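start_15.cif follows; it contains mmCIF, C-alpha atoms.
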data_work
#
loop_
_atom_site.label_atom_id
_atom_site.label_comp_id
_atom_site.auth_asym_id
_atom_site.auth_seq_id
_atom_site.Cartn_x
_atom_site.Cartn_y
_atom_site.Cartn_z
CA MET A 492 -6.69 -39.66 15.62
CA GLU A 493 -4.53 -38.16 18.35
CA SER A 494 -0.87 -37.21 18.53
CA ILE A 495 1.07 -37.64 21.76
CA ILE A 496 3.35 -34.83 22.95
CA PRO A 497 6.06 -35.66 25.53
CA ILE A 498 6.20 -33.25 28.47
CA ILE A 499 9.40 -34.10 30.38
CA ASP A 500 12.20 -35.23 28.07
CA SER A 501 14.77 -37.70 29.28
CA ASN A 502 17.88 -36.22 30.91
CA VAL A 503 16.53 -32.66 30.60
CA ASN A 504 15.43 -30.79 33.73
CA PHE A 505 11.97 -29.34 33.00
CA THR A 506 12.58 -25.77 34.21
CA PRO A 507 10.54 -22.64 33.49
CA LEU A 508 13.05 -21.74 30.75
CA VAL A 509 12.61 -25.17 29.12
CA PHE A 510 8.85 -24.67 29.35
CA TYR A 511 8.94 -21.29 27.55
CA ARG A 512 11.68 -22.11 25.06
CA ASP A 513 11.05 -25.76 24.17
CA PHE A 514 7.73 -27.09 25.42
CA LEU A 515 5.61 -24.24 24.03
CA LYS A 516 7.40 -24.69 20.72
CA LYS A 517 6.34 -28.37 20.68
CA LEU A 518 2.74 -27.31 21.17
CA ALA A 519 2.90 -24.66 18.45
CA ASN A 520 4.39 -27.14 15.99
CA PHE A 521 1.69 -29.67 16.79
CA TYR A 522 -1.20 -27.27 16.15
CA ARG A 523 0.45 -25.96 13.00
CA GLU A 524 0.97 -29.46 11.57
CA ASN A 525 -2.14 -31.17 12.96
CA PRO A 526 -4.94 -28.58 13.04
CA SER A 527 -7.75 -31.15 13.15
CA GLU A 528 -6.24 -33.74 15.50
CA GLU A 529 -6.82 -34.20 19.21
CA ILE A 530 -3.79 -33.59 21.37
CA ALA A 531 -2.62 -35.94 24.12
CA PHE A 532 0.45 -35.98 26.34
CA ARG A 533 2.97 -38.46 27.64
CA LEU A 534 4.35 -37.26 30.97
CA PHE A 535 7.77 -38.89 30.43
CA GLY A 536 9.39 -38.72 27.02
CA ASN A 537 10.71 -42.26 26.59
CA GLY A 538 7.85 -43.92 28.44
CA ASP A 539 8.79 -47.53 29.13
CA ASP A 540 11.67 -47.50 26.63
CA ASP A 541 15.36 -47.19 27.50
CA ILE A 542 14.55 -46.97 31.22
CA TYR A 543 18.11 -47.60 32.43
CA ASN A 544 19.55 -44.74 30.39
CA SER A 545 16.76 -42.30 31.12
CA SER A 546 16.13 -39.95 34.03
CA TYR A 547 13.46 -37.31 34.60
CA ARG A 548 13.49 -34.10 36.63
CA ILE A 549 11.08 -31.22 36.94
CA ASP A 550 11.71 -27.92 38.70
CA PRO A 551 8.87 -27.46 41.21
CA ILE A 552 8.26 -23.86 40.13
CA ALA A 553 7.57 -25.05 36.56
CA LEU A 554 4.43 -26.83 37.79
CA PRO A 555 2.19 -23.71 37.92
CA LEU A 556 3.17 -22.99 34.30
CA LEU A 557 2.42 -26.55 33.22
CA LEU A 558 -0.98 -26.52 34.92
CA SER A 559 -1.79 -23.15 33.34
CA ILE A 560 -1.14 -24.31 29.79
CA LEU A 561 -2.97 -27.60 30.35
CA GLU A 562 -5.98 -25.67 31.65
CA GLN A 563 -5.89 -23.36 28.62
CA LEU A 564 -5.78 -26.31 26.22
CA SER A 565 -8.50 -28.27 28.02
CA LYS A 566 -10.78 -25.22 27.71
CA PHE A 567 -9.88 -24.93 24.02
CA HIS A 568 -10.74 -28.61 23.38
CA LYS A 569 -13.71 -28.51 25.81
CA ASN A 570 -12.52 -31.79 27.30
CA PRO A 571 -9.91 -33.10 29.72
CA LEU A 572 -6.59 -33.78 28.01
CA ARG A 573 -5.39 -37.38 27.96
CA LEU A 574 -2.15 -37.83 29.91
CA PHE A 575 -0.28 -41.12 29.56
CA LEU A 576 1.77 -42.19 32.57
CA ASN A 577 4.61 -44.64 33.09
CA ASN A 578 5.80 -45.98 36.40
CA ASN A 579 9.20 -47.61 36.05
CA HIS A 580 12.81 -47.42 37.21
CA ALA A 581 13.40 -44.15 35.33
CA THR A 582 10.13 -42.35 36.08
CA SER A 583 9.13 -43.41 39.61
CA SER A 584 10.92 -40.65 41.57
CA ALA A 585 9.54 -37.80 39.46
CA LEU A 586 6.10 -39.42 39.34
CA GLU A 587 6.05 -39.82 43.13
CA PHE A 588 7.03 -36.17 43.64
CA LEU A 589 4.23 -34.97 41.36
CA TYR A 590 1.77 -37.24 43.15
CA ARG A 591 2.77 -36.05 46.63
CA ALA A 592 2.84 -32.38 45.51
CA ASN A 593 -0.86 -32.73 44.52
CA PHE A 594 -0.27 -32.27 40.80
CA PHE A 595 -2.77 -34.99 39.89
CA LYS A 596 -5.29 -33.96 42.52
CA THR A 597 -5.17 -30.35 41.33
CA ALA A 598 -5.42 -31.21 37.65
CA GLY A 599 -7.52 -34.32 37.41
CA ASP A 600 -9.15 -35.67 40.56
CA ARG A 601 -12.87 -36.08 39.82
CA ASP A 602 -14.01 -35.56 43.42
CA TYR A 603 -11.86 -32.44 43.71
CA TYR A 604 -13.40 -31.01 40.55
CA ASN A 605 -17.02 -32.04 41.05
CA GLN A 606 -17.98 -28.47 41.89
CA TYR A 607 -15.82 -26.80 39.23
CA GLY A 608 -16.68 -28.74 36.08
CA ASN A 609 -14.40 -30.94 34.02
CA SER A 610 -10.92 -31.94 35.07
CA ILE A 611 -7.97 -30.57 33.16
CA ILE A 612 -6.51 -34.02 32.48
CA SER A 613 -7.58 -37.64 32.43
CA TYR A 614 -5.19 -40.46 33.30
CA LYS A 615 -5.11 -44.00 34.68
CA GLU A 616 -4.89 -43.87 38.45
CA GLU A 617 -3.42 -47.37 38.71
CA TYR A 618 -0.02 -45.92 37.74
CA LEU A 619 0.03 -43.83 40.93
CA GLY A 620 1.35 -46.39 43.39
CA SER A 621 4.23 -48.72 44.30
CA PHE A 622 6.37 -45.69 45.08
CA LYS A 623 9.63 -45.60 47.01
CA GLY A 624 7.98 -43.93 50.00
CA LYS A 625 9.90 -40.68 49.71
CA GLU A 626 7.83 -38.13 51.59
CA ILE A 627 7.95 -34.42 50.79
CA ARG A 628 7.45 -31.47 53.09
CA LYS A 629 3.75 -30.83 53.75
CA ASP A 630 4.07 -27.23 52.51
CA HIS A 631 5.60 -28.23 49.16
CA LEU A 632 2.23 -28.45 47.45
CA ILE A 633 0.77 -26.86 44.35
CA ARG A 634 -1.86 -24.30 45.33
CA SER A 635 -4.77 -23.14 43.21
CA TYR A 636 -7.06 -20.15 43.67
CA ARG A 637 -10.32 -19.62 41.77
CA LYS A 638 -13.58 -17.76 42.25
CA ASP A 639 -15.29 -20.93 43.45
CA ASP A 640 -13.05 -20.87 46.54
CA TYR A 641 -14.78 -17.63 47.56
CA SER A 642 -18.38 -18.86 47.56
CA ASN A 643 -19.47 -16.44 50.29
CA ILE A 644 -18.41 -13.38 48.30
CA ASP A 645 -20.71 -11.63 45.84
CA PHE A 646 -18.55 -10.91 42.78
CA GLN A 647 -21.26 -8.64 41.38
CA ILE A 648 -20.48 -5.98 43.99
CA TYR A 649 -20.26 -2.66 42.16
CA ASP A 650 -17.73 -1.21 44.60
CA ASP A 651 -14.39 -2.52 43.31
CA ILE A 652 -12.51 -1.50 46.47
CA LEU A 653 -14.98 -3.30 48.74
CA LEU A 654 -14.84 -6.43 46.57
CA ARG A 655 -11.05 -6.38 46.56
CA ASP A 656 -10.91 -6.01 50.35
CA GLN A 657 -13.28 -8.94 50.85
CA ILE A 658 -11.34 -11.22 48.51
CA ASN A 659 -7.99 -10.11 49.89
CA SER A 660 -9.05 -10.80 53.47
CA LEU A 661 -9.73 -14.45 52.65
CA THR A 662 -6.77 -14.76 50.30
CA SER A 663 -4.44 -13.49 53.03
CA TYR A 664 -5.65 -16.28 55.30
CA TYR A 665 -4.95 -18.87 52.57
CA VAL A 666 -1.52 -17.44 51.78
CA GLN A 667 -0.43 -17.41 55.42
CA ASP A 668 -1.51 -21.01 55.81
CA HIS A 669 0.23 -22.08 52.61
CA PHE A 670 3.53 -20.17 52.70
CA ARG A 671 4.41 -18.64 56.09
CA GLU A 672 6.48 -21.59 57.35
CA LEU A 673 8.47 -21.70 54.12
CA LEU A 674 9.22 -17.97 54.29
CA TYR A 675 10.31 -18.41 57.91
CA ASP A 676 12.95 -20.98 56.88
CA ASN A 677 15.06 -18.60 54.81
CA PRO A 678 17.14 -15.91 56.61
CA ASN A 679 16.67 -13.68 53.55
CA THR A 680 12.86 -13.82 53.77
CA VAL A 681 12.11 -14.29 57.48
CA ASP A 682 12.33 -10.58 58.33
CA TYR A 683 10.04 -9.70 55.41
CA GLN A 684 7.56 -12.56 55.66
CA ASN A 685 4.62 -10.28 56.45
CA THR A 686 5.47 -8.11 53.46
CA TYR A 687 5.67 -11.14 51.17
CA ILE A 688 2.35 -12.46 52.47
CA ASP A 689 0.67 -9.08 51.89
CA ILE A 690 2.04 -8.75 48.35
CA LEU A 691 1.36 -12.36 47.34
CA SER A 692 -2.19 -11.99 48.68
CA GLU A 693 -2.65 -8.85 46.58
CA LEU A 694 -1.35 -10.54 43.40
CA ILE A 695 -3.51 -13.64 43.89
CA THR A 696 -6.50 -11.40 44.63
CA ASN A 697 -5.91 -9.68 41.27
CA GLY A 698 -5.91 -13.07 39.56
CA VAL A 699 -9.13 -14.17 41.26
CA MET A 700 -10.88 -10.88 40.45
CA HIS A 701 -9.83 -10.33 36.87
CA SER A 702 -8.32 -13.38 35.20
CA GLY A 703 -11.44 -15.48 34.68
CA SER A 704 -9.37 -18.60 35.25
CA THR A 705 -7.33 -20.36 37.92
CA THR A 706 -4.25 -18.84 39.53
CA TYR A 707 -1.66 -21.50 40.38
CA ALA A 708 1.18 -21.04 42.86
CA MET A 709 3.95 -23.09 44.42
CA MET A 710 6.72 -22.34 46.92
CA PHE A 711 9.66 -24.67 47.48
CA VAL A 712 12.62 -24.49 49.86
CA ASP A 713 15.78 -26.58 49.65
CA LYS A 714 19.21 -26.17 51.24
CA PHE A 715 20.26 -23.62 48.61
CA ARG A 716 17.28 -21.34 47.96
CA THR A 717 13.62 -20.49 48.29
CA LYS A 718 11.74 -20.55 44.99
CA PHE A 719 8.17 -19.67 44.22
CA ALA A 720 6.02 -19.13 41.17
CA ILE A 721 2.60 -17.68 40.42
CA SER A 722 0.90 -18.41 37.12
CA ASP A 723 -2.29 -16.59 36.21
CA ASN A 724 -3.44 -17.64 32.74
CA GLY A 725 -6.10 -14.96 32.47
CA ILE A 726 -6.36 -11.80 30.40
CA GLY A 727 -2.81 -10.57 31.02
CA LEU A 728 -1.20 -7.24 31.89
CA LYS A 729 -2.29 -5.25 28.85
CA LYS A 730 -5.96 -6.24 28.85
CA SER A 731 -6.15 -5.91 32.62
CA LEU A 732 -5.15 -2.23 32.35
CA GLU A 733 -7.36 -1.72 29.28
CA ALA A 734 -10.35 -3.12 31.17
CA LYS A 735 -10.13 -0.44 33.86
CA ILE A 736 -12.79 2.24 33.45
CA THR A 737 -11.22 4.87 35.68
CA PHE A 738 -7.72 5.54 36.98
CA PRO A 739 -6.39 7.56 39.93
CA PHE A 740 -5.42 11.17 39.24
CA TYR A 741 -1.72 10.26 39.04
CA TYR A 742 -2.04 7.86 36.10
CA LYS A 743 -3.46 8.05 32.58
CA LYS A 744 -3.89 5.10 30.29
CA ASP A 745 -0.62 4.17 28.51
CA ASP A 746 1.29 6.83 30.46
CA PHE A 747 4.61 5.05 30.13
CA LYS A 748 4.20 4.09 26.47
CA ASN A 749 3.22 7.63 25.54
CA SER A 750 6.06 9.24 27.48
CA ILE A 751 9.05 7.07 26.69
CA SER A 752 11.32 8.04 23.83
CA HIS A 753 13.13 4.78 23.23
CA LYS A 754 15.54 4.26 20.40
CA LYS A 755 14.68 2.45 17.23
CA THR A 756 15.70 -1.18 17.46
CA ASP A 757 16.01 -4.18 15.20
CA PHE A 758 13.47 -6.05 17.35
CA SER A 759 10.07 -6.98 16.03
CA SER A 760 7.56 -4.33 17.11
CA TYR A 761 5.47 -7.16 18.56
CA TYR A 762 8.27 -8.10 20.97
CA VAL A 763 8.84 -4.47 21.94
CA GLU A 764 5.10 -4.02 22.58
CA ASN A 765 5.15 -6.98 24.97
CA LEU A 766 8.12 -5.48 26.80
CA LEU A 767 6.33 -2.13 26.98
CA ASP A 768 3.27 -3.87 28.46
CA ILE A 769 5.46 -5.22 31.28
CA PHE A 770 7.02 -1.82 31.97
CA GLU A 771 3.61 -0.11 31.80
CA ALA A 772 2.26 -2.46 34.48
CA LEU A 773 5.33 -1.99 36.68
CA TYR A 774 5.17 1.78 36.26
CA TYR A 775 1.48 1.89 37.24
CA SER A 776 2.25 -0.34 40.23
CA SER A 777 5.00 2.09 41.30
CA LEU A 778 2.49 4.90 41.81
CA LYS A 779 -0.24 3.04 43.67
CA GLU A 780 -1.05 3.15 47.37
CA ARG A 781 -1.30 -0.66 47.56
CA GLU A 782 1.78 -2.85 47.30
CA GLY A 783 1.75 -5.02 44.21
CA ILE A 784 3.87 -6.56 41.51
CA LEU A 785 6.60 -3.90 41.57
CA ASP A 786 6.92 -4.19 45.35
CA LEU A 787 7.34 -7.96 45.07
CA MET A 788 10.15 -7.38 42.58
CA LEU A 789 11.87 -4.80 44.81
CA ASN A 790 11.56 -6.90 47.97
CA VAL A 791 12.97 -9.95 46.22
CA VAL A 792 15.88 -8.07 44.64
CA ILE A 793 16.76 -5.42 47.25
CA ASN A 794 15.76 -6.97 50.57
CA SER A 795 16.31 -10.67 49.81
CA ASN A 796 19.13 -10.53 47.24
CA GLY A 797 17.13 -12.70 44.86
CA TYR A 798 16.06 -12.97 41.24
CA PHE A 799 12.68 -11.89 39.90
CA ARG A 800 11.25 -13.01 36.53
CA LEU A 801 8.03 -11.70 34.99
CA HIS A 802 6.57 -13.12 31.77
CA THR A 803 3.66 -12.14 29.57
CA GLU A 804 2.85 -13.17 25.99
CA ASN A 805 6.27 -13.48 24.22
CA CYS A 806 8.44 -11.54 26.66
CA GLN A 807 10.12 -12.03 30.03
CA ILE A 808 12.20 -9.68 32.16
CA ILE A 809 14.78 -10.91 34.67
CA ILE A 810 15.76 -8.53 37.46
CA SER A 811 18.53 -8.90 40.06
CA ASN A 812 20.50 -6.45 42.19
CA ARG A 813 23.01 -6.17 39.35
CA PHE A 814 20.39 -4.37 37.27
CA LYS A 815 21.23 -0.69 36.93
CA TYR A 816 18.81 1.82 38.50
CA ILE A 817 17.11 -0.75 40.77
CA SER A 818 18.26 0.97 43.98
CA LYS A 819 17.03 4.34 42.75
CA LEU A 820 13.70 2.81 41.82
CA HIS A 821 13.37 1.33 45.31
CA GLU A 822 14.19 4.65 46.95
CA ILE A 823 11.53 6.60 45.02
CA ARG A 824 8.93 3.88 45.46
CA GLN A 825 9.40 4.00 49.23
CA ARG A 826 8.83 7.75 49.18
CA ILE A 827 5.62 7.31 47.19
CA LEU A 828 4.35 4.65 49.59
CA ASN A 829 5.18 6.85 52.57
CA LEU A 830 3.35 9.75 50.98
CA HIS A 831 0.23 7.62 50.45
CA ASN A 832 0.41 6.46 54.07
CA ILE A 833 0.76 10.01 55.40
CA ASN A 834 -2.18 11.14 53.28
CA GLU A 835 -4.34 8.30 54.56
CA ILE A 836 -3.47 8.89 58.21
CA SER A 837 -3.31 12.67 58.43
CA ASN A 838 -5.62 13.67 55.58
CA MET A 839 -3.13 15.98 53.84
CA GLU A 840 -4.19 19.07 51.96
CA GLN A 841 -5.08 17.51 48.60
CA SER A 842 -3.26 20.11 46.53
CA ASP A 843 -0.05 19.38 48.47
CA PHE A 844 -0.58 15.64 48.12
CA LYS A 845 -1.16 15.83 44.37
CA ASN A 846 1.82 18.12 43.82
CA SER A 847 4.11 15.79 45.76
CA ILE A 848 2.88 12.71 43.87
CA SER A 849 3.40 14.55 40.56
CA GLN A 850 7.00 15.34 41.47
CA TYR A 851 7.75 11.72 42.36
CA LYS A 852 5.94 10.58 39.23
CA LYS A 853 8.41 12.52 37.07
CA LEU A 854 11.36 11.05 38.95
CA ILE A 855 10.17 7.46 38.74
CA MET A 856 9.18 7.83 35.09
CA GLU A 857 12.78 8.84 34.30
CA VAL A 858 14.09 5.78 36.13
CA PHE A 859 11.74 3.47 34.21
CA GLU A 860 12.76 5.05 30.90
CA ASN A 861 16.43 4.44 31.73
CA MET A 862 15.70 0.85 32.76
CA PHE A 863 13.77 0.17 29.55
CA ASN A 864 16.46 1.57 27.26
CA THR A 865 19.22 -0.20 29.18
CA ALA A 866 17.39 -3.52 28.86
CA ILE A 867 17.10 -3.00 25.09
CA ASP A 868 20.69 -1.79 24.65
CA TYR A 869 22.21 -4.74 26.49
CA TYR A 870 19.91 -7.43 25.13
CA THR A 871 21.62 -10.67 24.16
CA GLU A 872 20.27 -14.09 23.29
CA GLU A 873 22.66 -15.49 25.90
CA THR A 874 20.08 -15.95 28.68
CA LYS A 875 22.65 -15.94 31.48
CA PHE A 876 23.48 -12.30 30.84
CA SER A 877 20.41 -10.62 29.36
CA SER A 878 17.72 -9.01 31.50
CA ILE A 879 15.06 -9.68 28.86
CA ARG A 880 14.08 -12.76 26.90
CA PHE A 881 11.92 -12.97 23.81
CA PHE A 882 10.22 -16.22 22.83
CA ASN A 883 8.78 -17.29 19.48
CA VAL A 884 5.63 -18.78 21.01
CA LYS A 885 3.37 -16.62 23.12
CA PHE A 886 1.83 -17.73 26.41
CA LYS A 887 -1.06 -15.64 27.63
CA GLY A 888 -1.47 -14.45 31.19
CA VAL A 889 0.97 -13.23 33.83
CA HIS A 890 3.66 -15.54 35.15
CA ILE A 891 6.09 -14.76 37.97
CA GLU A 892 9.07 -16.77 39.20
CA VAL A 893 11.28 -15.88 42.15
CA GLU A 894 14.51 -17.39 43.45
CA ILE A 895 16.03 -16.26 46.76
CA PRO A 896 19.32 -17.72 48.07
CA ASN A 897 19.38 -19.14 51.61
CA THR A 898 22.69 -17.51 52.49
#
Give the structure from the file, written as C-alpha cells.
Amino acid sequence: MESIIPIIDSNVNFTPLVFYRDFLKKLANFYRENPSEEIAFRLFGNGDDDIYNSSYRIDPIALPLLLSILEQLSKFHKNPLRLFLNNNHATSSALEFLYRANFFKTAGDRDYYNQYGNSIISYKEEYLGSFKGKEIRKDHLIRSYRKDDYSNIDFQIYDDILLRDQINSLTSYYVQDHFRELLYDNPNTVDYQNTYIDILSELITNGVMHSGSTTYAMMFVDKFRTKFAISDNGIGLKKSLEAKITFPFYYKKDDFKNSISHKKTDFSSYYVENLLDIFEALYYSSLKEREGILDLMLNVVINSNGYFRLHTENCQIIISNRFKYISKLHEIRQRILNLHNINEISNMEQSDFKNSISQYKKLIMEVFENMFNTAIDYYTEETKFSSIRFFNVKFKGVHIEVEIPNT
C-alpha cells in the first residue's frame, strides 16, 4: 500500500521557506506514521478537484531543494518515486513551467538517466502536453552537476589540489554557459559577474568532489530581482570538514567551536550545534586562499545589496547588509585574500606571512564570535526579523539561496 503526499498545496506559493517549514514536516509525519508503506507524491494538492478555486505556484529557487529531497528518498527506497500529475485549468501554468524548466527531464527522463542509473521519479508523460505555449527564457533551467559529467577526470587522483583544479576548470565552463547572461542582466551583479562565476564554480566543484550525490542549481531573473539556489544533498558542512585529513597552518579542526565563549541559551544543544557548524565552515572559508562560501555571502550582501541564506541540517542563517559586523568581516577578509595573493606572487618570507595571517585570524575570529552571539541574542521565531531559523525536521546537505534586487 502507498500513501500519496501532496507537494504544492493550492493557493500556497511553494517557496524555500514552505519547503523547510511545511513540506519536510509532511514527510517526517508520513514516515513516523507509516514506517512500512511506500511513499508517492501528487504534484498538485487538489489534483482534479476544485479546479476553479485552486491555483498553484512554485518559486523557481525551490526546485533544487525539491529535487534534492526526491533524490534522497529515491535512494532510500532504491526505486524511482511515483509522482502523480494533473493537467487542468488550475495546474496547467505551473506544470508547463516545470516542464519547460527541465524539471521532468532532470528528475525522470529515462534517456537522460540511462548512464546514471534509475530515475528519481516515475510519472505518466501523457500529462505533459496541451500547454498554453508560454515560453520561458532559455537560461531559466534547472542545472545538475554530478561526477558522471566529468568522465575524462580520474577521481582517484591522490593530489587533491590537482583534482580540484581539473574539476574546477570544467565546472567554470559549465557555469559560464549556464549563468553569465543572467548575471549580466542585473546592474547589481554585472560588475561582479566574473567573481560570481568563480565562486559558484568553486562551490559546485566542492559538491562534485565531496558530496557523493548530485548538486542542483537554478538561477532566475525577473523584473524585480535575480535569484539563485544551489542544493548539494551530500555529506554536509560538518562531515566535509571532519573528512579532511590535513589543514593549512592557519586552521585547526573545530577552531571556532573551541574558541568561542557563547552564552548559555534556552535553545536545544542540537540546534546550537547546527548553527556552530555553519559558523565553523564560514570561519574556515574566511582564512583560505581560494574564494568560497563566505565570499559568495559577502559579494551578495556587500557588493550586490542582496540576501544570502545558508541551510544545513535543522538550521538556516539569513544575512543582509543590515546584519551587524558584516562590513568589518568584509574588510578583514579582503586583507586576508590580498595577503594570500601577495604571498603567491612575490613568495614572501614565510615567517612574515604566517605572522600576518595569525594577526588577521585573531581579528576575524572576534568578528565571527560577535556575529554568532548577536544572532543568538536577537533570535525570534518571526522569520521576517531573525537572522537564524531553526526547523523541527532536518535536511542533510548544504543549501544556499540568494536574492539580489535589480535596482
Proximity check segment 611-691 of chain A to segment 792-808 of chain A, 10 Å, nearest pairs one decimal Å, all atoms listed in the file, as CSV:
residue,atom,partner,partner_atom,distance
A:Asn677,CA,A:Ser795,CA,9.5
A:Pro678,CA,A:Ser795,CA,8.6
A:Asn679,CA,A:Ser795,CA,4.8
A:Thr680,CA,A:Ser795,CA,6.1
A:Val681,CA,A:Ser795,CA,9.5
A:Asp682,CA,A:Asn794,CA,9.2
A:Tyr683,CA,A:Asn794,CA,8.0
For atom CA of Met709 of chain A and atom CA of Thr597 of chain A, the interatomic separation in Å (one decimal)
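Answer for the atom CA of Met709 of chain A to atom CA of Thr597 of chain A separation: 12.1 Å.
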Which is closer to Glu857 of chain A than all the others in A:Ile688, A:Phe844, A:Ser750, A:Lys887, using all atoms listed in the file?
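Ranked by minimum distance to Glu857 of chain A, first place goes to A:Ser750.
Each of A:Leu589, A:Val699, A:Leu557, A:Ile627 was checked against Tyr641 of chain A using only C-alpha atoms; the smallest atom-to-atom distance is that of A:Val699.
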At a cut-off of 12 Å, using only C-alpha atoms, what residues contact Asp689 of chain A? Leave out same-chain residues fewer than 3 positions from it and give the result as a PyMOL selection string.
chain A and resi 659-667+670-671+683-686+692-696+781-784+786-787+790
Quick one: residues within 10 Å of Tyr775 of chain A, all atoms listed in the file counted, chain neighbours fewer than 4 positions away excluded, as number ranges by chain?
A: 732, 738, 741-747, 770-771, 779, 783-785, 852, 856
Using all atoms listed in the file, pick whichever of A:Gln850, A:Thr865, A:Gln563, A:Ser776 has the shortest atom-to-atom distance to Asn724 of chain A.
A:Gln563
List as a tab-separated table every residue of segment 749-796 of chain A that is in contact with segment 819-829 of chain A, defined as an atom at most 7 Å from one of its atoms (using all atoms listed in the file), together with the nearest atom pair and the distance in Å rounded to one decimal, sorted by chain and then rising number.
residue	atom	partner	partner_atom	distance
A:Ser777	CA	A:Arg824	CA	6.0
A:Leu778	CA	A:Ile827	CA	6.7
A:Glu780	CA	A:Leu828	CA	6.0
A:Leu789	CA	A:His821	CA	6.3
Using the chain letters and numbers from the file, which residues does the PyMOL selection byres ((chain A and resi 511-513) around 9) grab, as a PyMOL selection string?
chain A and resi 506-510+514-518+805+882-886
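The smallest atom-to-atom distance between Phe881 of chain A and any of A:Phe575, A:Tyr543, A:Phe535, A:Tyr762, using all atoms listed in the file, is found for A:Tyr762.
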Within 10 Å of file point (-5.3, -14.5, 40.1), counting only C-alpha atoms, expressed as a PyMOL selection string
chain A and resi 635-638+692-708+721-725+888-889
Identify, on the basis of all atoms listed in the file, every residue whose closest approach to His568 of chain A does not exceed 12 Å; exclude the query and any residue fewer than 2 positions from it along the same chain; express the result as a ChimeraX atom specification.
/A:526-531,561-566,570-573,609,611-612
For Ile499 of chain A, which of A:Arg548, A:Arg880, A:His890, A:Lys615 is the closest residue, counting all atoms listed in the file?
A:Arg548
Report, in Å to a single decimal, how far apart atom CA of Glu626 of chain A and atom CA of Ala553 of chain A are.
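Spanning atom CA of Ala553 of chain A to atom CA of Glu626 of chain A is a straight-line distance of 19.9 Å.
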Straight-line distance linking atom CA of Gly538 of chain A with atom CA of Ile495 of chain A, stated in Å to one decimal
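For atom CA of Gly538 of chain A relative to atom CA of Ile495 of chain A, the distance reads 11.4 Å.
The residues that lie within 9 Å of the point (19.3, -1.7, 35.9), counting all atoms listed in the file, are Ile810, Ser811, Asn812, Arg813, Phe814, Lys815, Tyr816, Ile817, Ser818, Asn861, Met862, Phe863, Thr865, Ala866 and Ser878 of chain A.
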Could you tell me which of A:Ala581, A:Met710, A:Leu554, A:Ala592 comes closest to Asp539 of chain A if we count all atoms listed in the file?
A:Ala581
